[in-house]
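First comes the structure, then the notes that go with it.
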Amino acid sequence: MSDADWRPELSRSVMLRHDRVRDTDLLLMPERVVVLHGSAAAVLRLCDGEHTLTAIVAELSEAFPGAPVGTEVPEFLGRVRKEGWVR
């Protein structure tokens with residue numbers, strides 16, 4: 001399977017939540033909380049195991065025209081995959 005066909009999803013122990021008090025998005029994991037910045041939550045919301053990497057890039061390219069989505073999203077997802085936050 002190529003990376004383009006990869007259907008990323010959050011790992012089982014990871015939850016994406018919005019903290020209304022701080023008005024920020026968080027990744028909640030056992031014994032760890034990661035505060036998300038920029039469009040990270042928008043990317044991770046699409047990591048549902050249904051969207052391919054190609055579909056995620058296409059959808060975000062429409063939502064953020066002119067942004068370097070085609071390079072930044074795969075790089076970001078590669079980093080969070082290495083951290084074990086997505087599979």
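Residue numbering restarts at 1 for every chain of the structure tokens, chains are lettered A, B, ... in their displayed order, and ligands are numbered from 1 as they appear.
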- Item | Backbone-only DSSP, helix (DSSP H, G or I) members of chain A, as a PyMOL selection string | chain A and resi 3-5+40-45+53-63+69-83
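Taking the backbone of this structure through DSSP, the residues of chain A that come out as strand (DSSP E or B) are Glu9, Leu10, Met15, Leu16, Arg17, His18, Asp19, Thr24, Asp25, Leu26, Leu27, Leu28, Met29, Arg32, Val33, Val34, Val35, Asp48 and Val86 of chain A.
Taking CA of Thr52 in chain A and CA of Gly38 in chain A as endpoints, the distance between them is 21.5 Å.
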- range 64-71 of chain A: which residues within 10 Å, counting only C-alpha atoms, same-chain residues fewer than 6 positions away excluded, as a list in words? Ser39, Val43, Leu53, Thr54, Ile56, Val57 and Ala58 of chain A
Would you save the residues from that selection as a short mmCIF file (atom, residue, chain, number, x, y, z; two decimals), in the first residue's frame, using C-alpha atoms?
```cif
data_model
loop_
_atom_site.label_atom_id
_atom_site.label_comp_id
_atom_site.auth_asym_id
_atom_site.auth_seq_id
_atom_site.Cartn_x
_atom_site.Cartn_y
_atom_site.Cartn_z
CA SER A 39 -4.76 23.56 11.48
CA VAL A 43 -6.14 17.50 9.75
CA LEU A 53 -4.18 10.58 2.63
CA THR A 54 -4.96 11.78 -0.90
CA ILE A 56 -7.45 14.44 3.21
CA VAL A 57 -5.04 16.59 1.18
CA ALA A 58 -7.75 17.29 -1.44
#
```
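The shortest atom-to-atom distance to Glu75 in chain A, with only C-alpha atoms taken into account, belongs to A:Ala40 out of A:Arg45, A:Ala40, A:His18, A:Glu59.
The gap separating CA of Val80 in chain A from CA of Trp6 in chain A is 13.9 Å, in Å to one decimal.
Take the candidates A:Leu16, A:Ala55, A:Val86, A:Ala63 and check each one against Leu36 in chain A using only C-alpha atoms; the shortest distance goes to A:Leu16.
Picture a line from CA of Met29 in chain A to CA of Met15 in chain A; it runs 6.7 Å.
Residues in contact with Gly49 in chain A at up to 8 Å, not including ones fewer than 3 positions away on its chain and judged by only C-alpha atoms, are Arg7, Pro8, Glu9 and Thr52 of chain A.
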Hey, can you spit out that residue selection with N, CA and C atoms as a PDB file, in the first residue's frame?
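File again.pdb, as written:
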```
ATOM      1  N   ARG A   7      -5.044   5.123   5.010  1.00  0.00           N
ATOM      2  CA  ARG A   7      -6.255   5.666   5.623  1.00  0.00           C
ATOM      3  C   ARG A   7      -5.969   5.899   7.105  1.00  0.00           C
ATOM      4  N   PRO A   8      -5.352   7.043   7.427  1.00  0.00           N
ATOM      5  CA  PRO A   8      -4.957   7.276   8.814  1.00  0.00           C
ATOM      6  C   PRO A   8      -6.156   7.378   9.748  1.00  0.00           C
ATOM      7  N   GLU A   9      -5.945   6.903  10.962  1.00  0.00           N
ATOM      8  CA  GLU A   9      -6.942   7.053  12.009  1.00  0.00           C
ATOM      9  C   GLU A   9      -6.210   7.213  13.324  1.00  0.00           C
ATOM     10  N   THR A  52      -8.562   8.571   2.668  1.00  0.00           N
ATOM     11  CA  THR A  52      -7.170   8.278   2.325  1.00  0.00           C
ATOM     12  C   THR A  52      -6.366   9.559   2.517  1.00  0.00           C
TER      13      THR A  52
END
```
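In this comparison, which uses only C-alpha atoms, the residue of A:Leu44, A:His37, A:Arg81, A:Glu72 approaching Asp23 in chain A most closely is A:His37.
Take the candidates A:Ala42, A:Arg22, A:Val14, A:Asp48 and check each one against Val73 in chain A using only C-alpha atoms; the shortest distance goes to A:Ala42.
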